[in-house]
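Heads up, target-v5.txt below (compact mmCIF, N, CA and C atoms):
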```txt
# COMPACT_ATOMS: atom_id res chain seq x y z
N MET L 1 -0.48 5.27 -7.24
CA MET L 1 -0.97 5.59 -5.91
C MET L 1 -0.63 7.04 -5.58
N ASN L 2 -1.43 7.64 -4.74
CA ASN L 2 -1.19 8.99 -4.28
C ASN L 2 -0.51 8.92 -2.92
N LEU L 3 0.76 9.29 -2.88
CA LEU L 3 1.53 9.22 -1.64
C LEU L 3 2.05 10.60 -1.22
N PHE L 4 1.39 11.67 -1.70
CA PHE L 4 1.84 13.03 -1.45
C PHE L 4 2.03 13.34 0.02
N HIS L 5 1.05 13.03 0.84
CA HIS L 5 1.10 13.41 2.26
C HIS L 5 1.95 12.47 3.10
N LEU L 6 2.40 11.37 2.53
CA LEU L 6 3.21 10.40 3.26
C LEU L 6 4.68 10.65 2.97
N ASN L 7 5.16 11.80 3.39
CA ASN L 7 6.53 12.22 3.08
C ASN L 7 7.53 11.13 3.43
N GLY L 8 8.36 10.79 2.45
CA GLY L 8 9.32 9.72 2.66
C GLY L 8 8.65 8.37 2.82
N PHE L 9 7.39 8.30 2.48
CA PHE L 9 6.50 7.14 2.62
C PHE L 9 6.43 6.68 4.06
N ASN L 10 5.50 7.23 4.77
CA ASN L 10 5.24 6.88 6.16
C ASN L 10 4.28 5.68 6.18
N ALA L 11 4.84 4.49 6.22
CA ALA L 11 4.05 3.26 6.14
C ALA L 11 3.07 3.13 7.30
N ASP L 12 3.49 3.52 8.50
CA ASP L 12 2.60 3.42 9.66
C ASP L 12 1.36 4.29 9.48
N GLU L 13 1.58 5.52 9.01
CA GLU L 13 0.46 6.43 8.78
C GLU L 13 -0.45 5.88 7.68
N ALA L 14 0.14 5.36 6.63
CA ALA L 14 -0.65 4.79 5.53
C ALA L 14 -1.54 3.66 6.05
N LEU L 15 -0.98 2.77 6.83
CA LEU L 15 -1.76 1.64 7.33
C LEU L 15 -2.84 2.07 8.32
N ASP L 16 -2.61 3.17 9.03
CA ASP L 16 -3.65 3.71 9.91
C ASP L 16 -4.81 4.28 9.10
N GLU L 17 -4.52 4.84 7.94
CA GLU L 17 -5.54 5.51 7.13
C GLU L 17 -6.26 4.58 6.16
N TRP L 18 -5.66 3.46 5.83
CA TRP L 18 -6.22 2.58 4.80
C TRP L 18 -6.92 1.37 5.41
N SER L 19 -8.10 1.04 4.90
CA SER L 19 -8.75 -0.24 5.15
C SER L 19 -8.43 -1.10 3.94
N LEU L 20 -7.93 -2.31 4.18
CA LEU L 20 -7.40 -3.14 3.11
C LEU L 20 -8.22 -4.40 2.88
N VAL L 21 -8.20 -4.87 1.62
CA VAL L 21 -8.79 -6.16 1.29
C VAL L 21 -7.78 -6.97 0.49
N PHE L 22 -7.81 -8.28 0.71
CA PHE L 22 -6.93 -9.21 0.00
C PHE L 22 -7.47 -9.38 -1.42
N LYS L 23 -6.58 -9.31 -2.41
CA LYS L 23 -7.00 -9.53 -3.80
C LYS L 23 -6.54 -10.88 -4.32
N ARG L 24 -5.23 -11.17 -4.23
CA ARG L 24 -4.76 -12.46 -4.75
C ARG L 24 -3.35 -12.77 -4.25
N ASN L 25 -3.08 -14.07 -4.23
CA ASN L 25 -1.75 -14.58 -3.91
C ASN L 25 -1.07 -14.85 -5.24
N LYS L 26 0.02 -14.16 -5.52
CA LYS L 26 0.73 -14.31 -6.80
C LYS L 26 1.76 -15.44 -6.73
N GLY L 27 1.85 -16.12 -5.59
CA GLY L 27 2.75 -17.26 -5.48
C GLY L 27 4.01 -16.97 -4.69
N TYR L 28 4.78 -18.02 -4.54
CA TYR L 28 6.01 -17.98 -3.75
C TYR L 28 7.14 -17.39 -4.59
N VAL L 29 7.89 -16.46 -4.00
CA VAL L 29 9.04 -15.85 -4.66
C VAL L 29 10.29 -16.39 -3.97
N GLU L 30 10.95 -17.32 -4.63
CA GLU L 30 12.10 -17.99 -4.03
C GLU L 30 13.22 -17.03 -3.65
N LYS L 31 13.46 -16.04 -4.49
CA LYS L 31 14.54 -15.08 -4.25
C LYS L 31 14.34 -14.33 -2.93
N LYS L 32 13.09 -14.04 -2.59
CA LYS L 32 12.78 -13.32 -1.35
C LYS L 32 12.42 -14.27 -0.20
N ASP L 33 12.15 -15.54 -0.53
CA ASP L 33 11.69 -16.51 0.44
C ASP L 33 10.39 -16.03 1.09
N MET L 34 9.49 -15.48 0.24
CA MET L 34 8.23 -14.92 0.71
C MET L 34 7.16 -15.14 -0.36
N TYR L 35 5.90 -14.95 0.05
CA TYR L 35 4.77 -15.01 -0.87
C TYR L 35 4.43 -13.59 -1.32
N LYS L 36 4.16 -13.44 -2.59
CA LYS L 36 3.81 -12.14 -3.16
C LYS L 36 2.29 -12.04 -3.24
N CYS L 37 1.74 -11.03 -2.59
CA CYS L 37 0.29 -10.83 -2.56
C CYS L 37 -0.08 -9.46 -3.09
N ILE L 38 -1.27 -9.37 -3.63
CA ILE L 38 -1.81 -8.09 -4.05
C ILE L 38 -2.93 -7.73 -3.08
N VAL L 39 -2.85 -6.52 -2.56
CA VAL L 39 -3.81 -6.00 -1.60
C VAL L 39 -4.38 -4.71 -2.18
N GLU L 40 -5.65 -4.44 -1.90
CA GLU L 40 -6.31 -3.23 -2.41
C GLU L 40 -6.74 -2.34 -1.25
N VAL L 41 -6.66 -1.04 -1.47
CA VAL L 41 -7.15 -0.07 -0.49
C VAL L 41 -8.66 0.04 -0.70
N ALA L 42 -9.43 -0.48 0.25
CA ALA L 42 -10.90 -0.45 0.16
C ALA L 42 -11.43 0.92 0.58
N GLU L 43 -10.82 1.50 1.61
CA GLU L 43 -11.20 2.83 2.10
C GLU L 43 -9.95 3.60 2.48
N ASP L 44 -9.96 4.88 2.17
CA ASP L 44 -8.85 5.78 2.50
C ASP L 44 -9.42 6.91 3.34
N SER L 45 -9.10 6.94 4.63
CA SER L 45 -9.70 7.92 5.54
C SER L 45 -8.99 9.27 5.53
N HIS L 46 -7.89 9.40 4.80
CA HIS L 46 -7.16 10.67 4.78
C HIS L 46 -7.99 11.75 4.09
N GLU L 47 -8.00 12.94 4.66
CA GLU L 47 -8.69 14.08 4.04
C GLU L 47 -7.65 14.87 3.27
N TYR L 48 -7.73 14.79 1.96
CA TYR L 48 -6.74 15.42 1.10
C TYR L 48 -7.02 16.90 0.94
N SER L 49 -5.96 17.69 0.93
CA SER L 49 -6.08 19.13 0.74
C SER L 49 -5.27 19.55 -0.48
N GLU L 50 -5.47 20.76 -0.88
CA GLU L 50 -4.82 21.29 -2.08
C GLU L 50 -3.30 21.28 -1.95
N VAL L 51 -2.63 20.90 -3.03
CA VAL L 51 -1.17 20.82 -3.08
C VAL L 51 -0.67 21.79 -4.14
N GLN L 52 0.37 22.53 -3.81
CA GLN L 52 1.02 23.42 -4.78
C GLN L 52 2.33 22.76 -5.20
N PRO L 53 2.46 22.38 -6.47
CA PRO L 53 3.71 21.74 -6.92
C PRO L 53 4.92 22.62 -6.66
N LYS L 54 6.04 22.00 -6.26
CA LYS L 54 7.27 22.73 -5.96
C LYS L 54 7.85 23.40 -7.19
N ASN L 55 7.63 22.81 -8.35
CA ASN L 55 8.20 23.37 -9.58
C ASN L 55 7.23 24.34 -10.26
N GLY L 56 6.25 24.81 -9.52
CA GLY L 56 5.27 25.72 -10.10
C GLY L 56 4.09 24.94 -10.66
N GLY L 57 3.34 25.57 -11.49
CA GLY L 57 2.18 24.89 -12.07
C GLY L 57 0.95 25.09 -11.21
N ASP L 58 -0.14 24.55 -11.68
CA ASP L 58 -1.42 24.71 -11.01
C ASP L 58 -1.52 23.83 -9.77
N SER L 59 -2.15 24.37 -8.75
CA SER L 59 -2.39 23.58 -7.55
C SER L 59 -3.51 22.58 -7.84
N PHE L 60 -3.57 21.53 -7.04
CA PHE L 60 -4.57 20.49 -7.25
C PHE L 60 -4.81 19.75 -5.95
N VAL L 61 -5.89 19.00 -5.89
CA VAL L 61 -6.19 18.14 -4.75
C VAL L 61 -5.91 16.70 -5.19
N PRO L 62 -4.98 16.01 -4.52
CA PRO L 62 -4.66 14.63 -4.90
C PRO L 62 -5.86 13.70 -4.75
N ASP L 63 -5.90 12.67 -5.58
CA ASP L 63 -6.97 11.68 -5.53
C ASP L 63 -6.81 10.77 -4.31
N SER L 64 -7.91 10.21 -3.87
CA SER L 64 -7.91 9.21 -2.81
C SER L 64 -7.24 7.94 -3.34
N ASN L 65 -6.77 7.11 -2.45
CA ASN L 65 -6.16 5.84 -2.83
C ASN L 65 -7.16 4.69 -2.90
N GLU L 66 -8.44 4.97 -2.69
CA GLU L 66 -9.44 3.90 -2.76
C GLU L 66 -9.39 3.22 -4.12
N GLY L 67 -9.35 1.90 -4.09
CA GLY L 67 -9.29 1.13 -5.32
C GLY L 67 -7.88 0.86 -5.81
N GLU L 68 -6.88 1.50 -5.21
CA GLU L 68 -5.49 1.28 -5.61
C GLU L 68 -4.98 -0.04 -5.05
N GLU L 69 -4.18 -0.73 -5.85
CA GLU L 69 -3.58 -1.99 -5.43
C GLU L 69 -2.10 -1.80 -5.17
N PHE L 70 -1.56 -2.60 -4.26
CA PHE L 70 -0.12 -2.60 -4.02
C PHE L 70 0.32 -4.00 -3.62
N THR L 71 1.63 -4.19 -3.56
CA THR L 71 2.22 -5.51 -3.32
C THR L 71 2.66 -5.65 -1.87
N VAL L 72 2.36 -6.81 -1.30
CA VAL L 72 2.82 -7.16 0.04
C VAL L 72 3.51 -8.52 -0.05
N PHE L 73 4.76 -8.57 0.38
CA PHE L 73 5.49 -9.83 0.47
C PHE L 73 5.37 -10.31 1.92
N VAL L 74 4.92 -11.56 2.10
CA VAL L 74 4.74 -12.10 3.45
C VAL L 74 5.42 -13.46 3.59
N LYS L 75 5.85 -13.74 4.82
CA LYS L 75 6.52 -15.02 5.10
C LYS L 75 5.52 -16.17 5.20
N GLU L 76 4.35 -15.88 5.76
CA GLU L 76 3.34 -16.91 5.99
C GLU L 76 2.38 -16.95 4.80
N LYS L 77 2.16 -18.14 4.25
CA LYS L 77 1.30 -18.28 3.07
C LYS L 77 -0.12 -17.80 3.38
N PRO L 78 -0.63 -16.84 2.61
CA PRO L 78 -1.98 -16.33 2.83
C PRO L 78 -3.02 -17.25 2.18
N VAL L 79 -4.08 -17.53 2.92
CA VAL L 79 -5.17 -18.34 2.40
C VAL L 79 -6.47 -17.62 2.74
N PHE L 80 -6.85 -16.68 1.89
CA PHE L 80 -8.05 -15.88 2.11
C PHE L 80 -8.90 -15.89 0.85
N LYS L 81 -10.18 -15.62 1.03
CA LYS L 81 -11.05 -15.41 -0.12
C LYS L 81 -10.80 -14.00 -0.65
N LYS L 82 -11.02 -13.82 -1.94
CA LYS L 82 -10.86 -12.51 -2.56
C LYS L 82 -11.78 -11.51 -1.85
N PHE L 83 -11.26 -10.33 -1.60
CA PHE L 83 -11.93 -9.21 -0.95
C PHE L 83 -12.13 -9.41 0.56
N SER L 84 -11.43 -10.36 1.16
CA SER L 84 -11.46 -10.49 2.62
C SER L 84 -10.73 -9.30 3.23
N PRO L 85 -11.32 -8.65 4.25
CA PRO L 85 -10.62 -7.54 4.92
C PRO L 85 -9.40 -8.07 5.65
N VAL L 86 -8.27 -7.40 5.49
CA VAL L 86 -7.02 -7.84 6.11
C VAL L 86 -6.25 -6.66 6.69
N THR L 87 -5.30 -6.99 7.56
CA THR L 87 -4.30 -6.03 8.02
C THR L 87 -2.94 -6.67 7.76
N ILE L 88 -1.92 -5.83 7.75
CA ILE L 88 -0.56 -6.31 7.54
C ILE L 88 0.11 -6.39 8.91
N ASP L 89 0.57 -7.58 9.27
CA ASP L 89 1.15 -7.81 10.60
C ASP L 89 2.66 -7.96 10.50
N GLY L 90 3.37 -7.27 11.37
CA GLY L 90 4.82 -7.42 11.46
C GLY L 90 5.57 -6.84 10.27
N VAL L 91 5.26 -5.60 9.93
CA VAL L 91 5.95 -4.96 8.80
C VAL L 91 7.43 -4.82 9.11
N GLU L 92 8.26 -5.36 8.24
CA GLU L 92 9.71 -5.28 8.40
C GLU L 92 10.33 -4.26 7.46
N ASN L 93 9.67 -3.99 6.35
CA ASN L 93 10.19 -3.05 5.37
C ASN L 93 9.02 -2.51 4.57
N ALA L 94 9.08 -1.23 4.23
CA ALA L 94 8.07 -0.61 3.38
C ALA L 94 8.76 0.44 2.53
N TYR L 95 8.44 0.45 1.26
CA TYR L 95 9.12 1.36 0.35
C TYR L 95 8.23 1.65 -0.85
N VAL L 96 8.65 2.64 -1.64
CA VAL L 96 7.93 3.04 -2.85
C VAL L 96 8.87 2.85 -4.02
N MET L 97 8.33 2.31 -5.10
CA MET L 97 9.11 2.17 -6.33
C MET L 97 8.35 2.86 -7.46
N GLY L 98 9.11 3.51 -8.32
CA GLY L 98 8.53 4.20 -9.46
C GLY L 98 9.34 5.43 -9.79
N LYS L 99 9.06 6.04 -10.93
CA LYS L 99 9.81 7.21 -11.37
C LYS L 99 9.61 8.40 -10.44
N ASN L 100 8.41 8.54 -9.89
CA ASN L 100 8.08 9.68 -9.05
C ASN L 100 7.62 9.15 -7.70
N LYS L 101 8.31 9.54 -6.62
CA LYS L 101 7.97 9.01 -5.29
C LYS L 101 6.55 9.36 -4.86
N ASN L 102 5.98 10.43 -5.41
CA ASN L 102 4.62 10.80 -5.06
C ASN L 102 3.58 9.95 -5.77
N TYR L 103 3.96 9.30 -6.86
CA TYR L 103 3.02 8.49 -7.62
C TYR L 103 3.50 7.06 -7.81
N GLY L 104 4.49 6.64 -7.06
CA GLY L 104 5.01 5.28 -7.19
C GLY L 104 4.04 4.26 -6.62
N LYS L 105 4.48 3.04 -6.55
CA LYS L 105 3.69 1.96 -5.96
C LYS L 105 4.30 1.58 -4.62
N ALA L 106 3.44 1.37 -3.65
CA ALA L 106 3.89 0.96 -2.32
C ALA L 106 4.17 -0.53 -2.30
N TYR L 107 5.21 -0.91 -1.57
CA TYR L 107 5.58 -2.31 -1.36
C TYR L 107 5.82 -2.50 0.13
N PHE L 108 5.32 -3.60 0.66
CA PHE L 108 5.53 -3.94 2.06
C PHE L 108 6.15 -5.33 2.13
N GLU L 109 7.00 -5.54 3.11
CA GLU L 109 7.51 -6.86 3.45
C GLU L 109 7.15 -7.08 4.92
N ALA L 110 6.46 -8.19 5.19
CA ALA L 110 5.92 -8.40 6.54
C ALA L 110 5.86 -9.89 6.87
N ASN L 111 5.51 -10.15 8.12
CA ASN L 111 5.37 -11.54 8.56
C ASN L 111 4.17 -12.22 7.92
N ARG L 112 3.01 -11.50 7.96
CA ARG L 112 1.80 -12.13 7.45
C ARG L 112 0.68 -11.12 7.25
N LEU L 113 -0.35 -11.57 6.57
CA LEU L 113 -1.60 -10.84 6.48
C LEU L 113 -2.55 -11.49 7.48
N VAL L 114 -3.36 -10.68 8.15
CA VAL L 114 -4.30 -11.19 9.14
C VAL L 114 -5.71 -10.77 8.71
N GLU L 115 -6.61 -11.74 8.65
CA GLU L 115 -7.99 -11.44 8.29
C GLU L 115 -8.69 -10.79 9.49
N ILE L 116 -9.48 -9.75 9.21
CA ILE L 116 -10.21 -9.08 10.29
C ILE L 116 -11.71 -9.21 10.10
```
So that I can check it, write out the structure of this file as structure tokens.
Amino acid sequence: MNLFHLNGFNADEALDEWSLVFKRNKGYVEKKDMYKCIVEVAEDSHEYSEVQPKNGGDSFVPDSNEGEEFTVFVKEKPVFKKFSPVTIDGVENAYVMGKNKNYGKAYFEANRLVEI
């Protein structure tokens, strides 16, 4: 995922910019006491501009997040058809995991997904 403009991963800004669709329920995760879901960014409204790497190198324009998938853990079992438009309700935690915070994967923990 491209998270360059979401410094420190601004989950609220990300959710404002992304239109999401439900992809699949990966099942109940006992350790978290939550359901693991995969959600896809259907549309990314952010207008990306050129970035100059801090360590030098060539400047570039980051890619849109359209088509990118990420994980959402929810308390309420989701029952949606694949590609149903959804929003994430009651976000309690949001973070990025991966070697590089600018290219890691987003993870959300929330109460539920809501079909729109």
Q) Could you name the residues that touch range 28-42 of chain L at 7 Å or less, counting only C-alpha atoms, but leaving out those on the same chain fewer than 5 positions away, as a list of chain:residue names? A)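 Residues near the query, excluding close chain neighbours: L:Trp18, L:Ser19, L:Leu20, L:Val21, L:Phe22, L:Lys23, L:Asn65, L:Glu66, L:Gly67, L:Glu68, L:Glu69, L:Phe70, L:Thr71, L:Val72, L:Phe73, L:Val74, L:Lys75, L:Lys77.
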(Q) Which residue is closest to Ile88 in chain L? Choose from L:Ser45, L:Asn25, L:Glu13, L:Ala110 and count only N, CA and C atoms. (A)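 Selected residue with least distance to Ile88 in chain L: L:Ala110.
The gap separating atom N of Ser64 in chain L from atom N of Ala94 in chain L is 22.0 Å, in Å to one decimal.
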(Q) I'd like the contact shell of Gly90 in chain L - 9 Å cut-off, only C-alpha atoms, skipping same-chain residues fewer than 3 positions apart - returned as a PyMOL selection string. (A) chain L and resi 109-113
Just list the residues in chain L DSSP gives strand (DSSP E or B) on the backbone, as a short mmCIF file (atom, residue, chain, number, x, y, z; two decimals) with N, CA and C atoms, in the coordinates of the input.
```
data_model
loop_
_atom_site.label_atom_id
_atom_site.label_comp_id
_atom_site.auth_asym_id
_atom_site.auth_seq_id
_atom_site.Cartn_x
_atom_site.Cartn_y
_atom_site.Cartn_z
N TRP L 18 -5.66 3.46 5.83
CA TRP L 18 -6.22 2.58 4.80
C TRP L 18 -6.92 1.37 5.41
N SER L 19 -8.10 1.04 4.90
CA SER L 19 -8.75 -0.24 5.15
C SER L 19 -8.43 -1.10 3.94
N LEU L 20 -7.93 -2.31 4.18
CA LEU L 20 -7.40 -3.14 3.11
C LEU L 20 -8.22 -4.40 2.88
N VAL L 21 -8.20 -4.87 1.62
CA VAL L 21 -8.79 -6.16 1.29
C VAL L 21 -7.78 -6.97 0.49
N PHE L 22 -7.81 -8.28 0.71
CA PHE L 22 -6.93 -9.21 0.00
C PHE L 22 -7.47 -9.38 -1.42
N LYS L 23 -6.58 -9.31 -2.41
CA LYS L 23 -7.00 -9.53 -3.80
C LYS L 23 -6.54 -10.88 -4.32
N ARG L 24 -5.23 -11.17 -4.23
CA ARG L 24 -4.76 -12.46 -4.75
C ARG L 24 -3.35 -12.77 -4.25
N ASN L 25 -3.08 -14.07 -4.23
CA ASN L 25 -1.75 -14.58 -3.91
C ASN L 25 -1.07 -14.85 -5.24
N LYS L 26 0.02 -14.16 -5.52
CA LYS L 26 0.73 -14.31 -6.80
C LYS L 26 1.76 -15.44 -6.73
N GLY L 27 1.85 -16.12 -5.59
CA GLY L 27 2.75 -17.26 -5.48
C GLY L 27 4.01 -16.97 -4.69
N TYR L 28 4.78 -18.02 -4.54
CA TYR L 28 6.01 -17.98 -3.75
C TYR L 28 7.14 -17.39 -4.59
N VAL L 29 7.89 -16.46 -4.00
CA VAL L 29 9.04 -15.85 -4.66
C VAL L 29 10.29 -16.39 -3.97
N MET L 34 9.49 -15.48 0.24
CA MET L 34 8.23 -14.92 0.71
C MET L 34 7.16 -15.14 -0.36
N TYR L 35 5.90 -14.95 0.05
CA TYR L 35 4.77 -15.01 -0.87
C TYR L 35 4.43 -13.59 -1.32
N LYS L 36 4.16 -13.44 -2.59
CA LYS L 36 3.81 -12.14 -3.16
C LYS L 36 2.29 -12.04 -3.24
N CYS L 37 1.74 -11.03 -2.59
CA CYS L 37 0.29 -10.83 -2.56
C CYS L 37 -0.08 -9.46 -3.09
N ILE L 38 -1.27 -9.37 -3.63
CA ILE L 38 -1.81 -8.09 -4.05
C ILE L 38 -2.93 -7.73 -3.08
N VAL L 39 -2.85 -6.52 -2.56
CA VAL L 39 -3.81 -6.00 -1.60
C VAL L 39 -4.38 -4.71 -2.18
N GLU L 40 -5.65 -4.44 -1.90
CA GLU L 40 -6.31 -3.23 -2.41
C GLU L 40 -6.74 -2.34 -1.25
N VAL L 41 -6.66 -1.04 -1.47
CA VAL L 41 -7.15 -0.07 -0.49
C VAL L 41 -8.66 0.04 -0.70
N ALA L 42 -9.43 -0.48 0.25
CA ALA L 42 -10.90 -0.45 0.16
C ALA L 42 -11.43 0.92 0.58
N GLU L 43 -10.82 1.50 1.61
CA GLU L 43 -11.20 2.83 2.10
C GLU L 43 -9.95 3.60 2.48
N ASP L 44 -9.96 4.88 2.17
CA ASP L 44 -8.85 5.78 2.50
C ASP L 44 -9.42 6.91 3.34
N VAL L 51 -2.63 20.90 -3.03
CA VAL L 51 -1.17 20.82 -3.08
C VAL L 51 -0.67 21.79 -4.14
N PHE L 60 -3.57 21.53 -7.04
CA PHE L 60 -4.57 20.49 -7.25
C PHE L 60 -4.81 19.75 -5.95
N GLU L 69 -4.18 -0.73 -5.85
CA GLU L 69 -3.58 -1.99 -5.43
C GLU L 69 -2.10 -1.80 -5.17
N PHE L 70 -1.56 -2.60 -4.26
CA PHE L 70 -0.12 -2.60 -4.02
C PHE L 70 0.32 -4.00 -3.62
N THR L 71 1.63 -4.19 -3.56
CA THR L 71 2.22 -5.51 -3.32
C THR L 71 2.66 -5.65 -1.87
N VAL L 72 2.36 -6.81 -1.30
CA VAL L 72 2.82 -7.16 0.04
C VAL L 72 3.51 -8.52 -0.05
N PHE L 73 4.76 -8.57 0.38
CA PHE L 73 5.49 -9.83 0.47
C PHE L 73 5.37 -10.31 1.92
N VAL L 74 4.92 -11.56 2.10
CA VAL L 74 4.74 -12.10 3.45
C VAL L 74 5.42 -13.46 3.59
N PRO L 85 -11.32 -8.65 4.25
CA PRO L 85 -10.62 -7.54 4.92
C PRO L 85 -9.40 -8.07 5.65
N VAL L 86 -8.27 -7.40 5.49
CA VAL L 86 -7.02 -7.84 6.11
C VAL L 86 -6.25 -6.66 6.69
N THR L 87 -5.30 -6.99 7.56
CA THR L 87 -4.30 -6.03 8.02
C THR L 87 -2.94 -6.67 7.76
N ILE L 88 -1.92 -5.83 7.75
CA ILE L 88 -0.56 -6.31 7.54
C ILE L 88 0.11 -6.39 8.91
N ASP L 89 0.57 -7.58 9.27
CA ASP L 89 1.15 -7.81 10.60
C ASP L 89 2.66 -7.96 10.50
N GLY L 90 3.37 -7.27 11.37
CA GLY L 90 4.82 -7.42 11.46
C GLY L 90 5.57 -6.84 10.27
N VAL L 91 5.26 -5.60 9.93
CA VAL L 91 5.95 -4.96 8.80
C VAL L 91 7.43 -4.82 9.11
N GLU L 92 8.26 -5.36 8.24
CA GLU L 92 9.71 -5.28 8.40
C GLU L 92 10.33 -4.26 7.46
N ASN L 93 9.67 -3.99 6.35
CA ASN L 93 10.19 -3.05 5.37
C ASN L 93 9.02 -2.51 4.57
N ALA L 94 9.08 -1.23 4.23
CA ALA L 94 8.07 -0.61 3.38
C ALA L 94 8.76 0.44 2.53
N TYR L 95 8.44 0.45 1.26
CA TYR L 95 9.12 1.36 0.35
C TYR L 95 8.23 1.65 -0.85
N VAL L 96 8.65 2.64 -1.64
CA VAL L 96 7.93 3.04 -2.85
C VAL L 96 8.87 2.85 -4.02
N MET L 97 8.33 2.31 -5.10
CA MET L 97 9.11 2.17 -6.33
C MET L 97 8.35 2.86 -7.46
N LYS L 105 4.48 3.04 -6.55
CA LYS L 105 3.69 1.96 -5.96
C LYS L 105 4.30 1.58 -4.62
N ALA L 106 3.44 1.37 -3.65
CA ALA L 106 3.89 0.96 -2.32
C ALA L 106 4.17 -0.53 -2.30
N TYR L 107 5.21 -0.91 -1.57
CA TYR L 107 5.58 -2.31 -1.36
C TYR L 107 5.82 -2.50 0.13
N PHE L 108 5.32 -3.60 0.66
CA PHE L 108 5.53 -3.94 2.06
C PHE L 108 6.15 -5.33 2.13
N GLU L 109 7.00 -5.54 3.11
CA GLU L 109 7.51 -6.86 3.45
C GLU L 109 7.15 -7.08 4.92
N ALA L 110 6.46 -8.19 5.19
CA ALA L 110 5.92 -8.40 6.54
C ALA L 110 5.86 -9.89 6.87
N ASN L 111 5.51 -10.15 8.12
CA ASN L 111 5.37 -11.54 8.56
C ASN L 111 4.17 -12.22 7.92
N ARG L 112 3.01 -11.50 7.96
CA ARG L 112 1.80 -12.13 7.45
C ARG L 112 0.68 -11.12 7.25
N LEU L 113 -0.35 -11.57 6.57
CA LEU L 113 -1.60 -10.84 6.48
C LEU L 113 -2.55 -11.49 7.48
N VAL L 114 -3.36 -10.68 8.15
CA VAL L 114 -4.30 -11.19 9.14
C VAL L 114 -5.71 -10.77 8.71
N GLU L 115 -6.61 -11.74 8.65
CA GLU L 115 -7.99 -11.44 8.29
C GLU L 115 -8.69 -10.79 9.49
#
```
Q. If you measure from atom C of Val114 in chain L to atom C of Lys81 in chain L, what distance in Å do you get, rounded to one decimal?
A. 11.1 Å
Q) Pick the closest to Glu50 in chain L from L:Pro62, L:Tyr95, L:Lys26, L:Thr87: which is it, counting all atoms listed in the file? A)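 Of L:Pro62, L:Tyr95, L:Lys26, L:Thr87, the one nearest Glu50 in chain L is L:Pro62, counting all atoms listed in the file.
Computed from the coordinates, the CA of Glu43 in chain L to atom N of Phe80 in chain L distance equals 20.0 Å.
Nearest residue to Val91 in chain L among L:Tyr103, L:Ala14, L:Val51, L:Phe108 is L:Phe108, counting all atoms listed in the file.
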Q.
Using DSSP secondary structure from the backbone, list all alpha helix (DSSP H) positions within chain L, as an NGL selection string.
A. :L and (11-17)
Q) Which neighbours of Met97 in chain L fall inside 8 Å, counting only C-alpha atoms, when residues of the same chain fewer than 6 positions from it are skipped, and could you give them as a ChimeraX atom specification? A) /L:104-107
Q.
Just checking: using all atoms listed in the file, which residue out of L:Phe83, L:Ser59, L:Glu47, L:Asp12 ends up closest to Arg24 in chain L?
A. L:Phe83
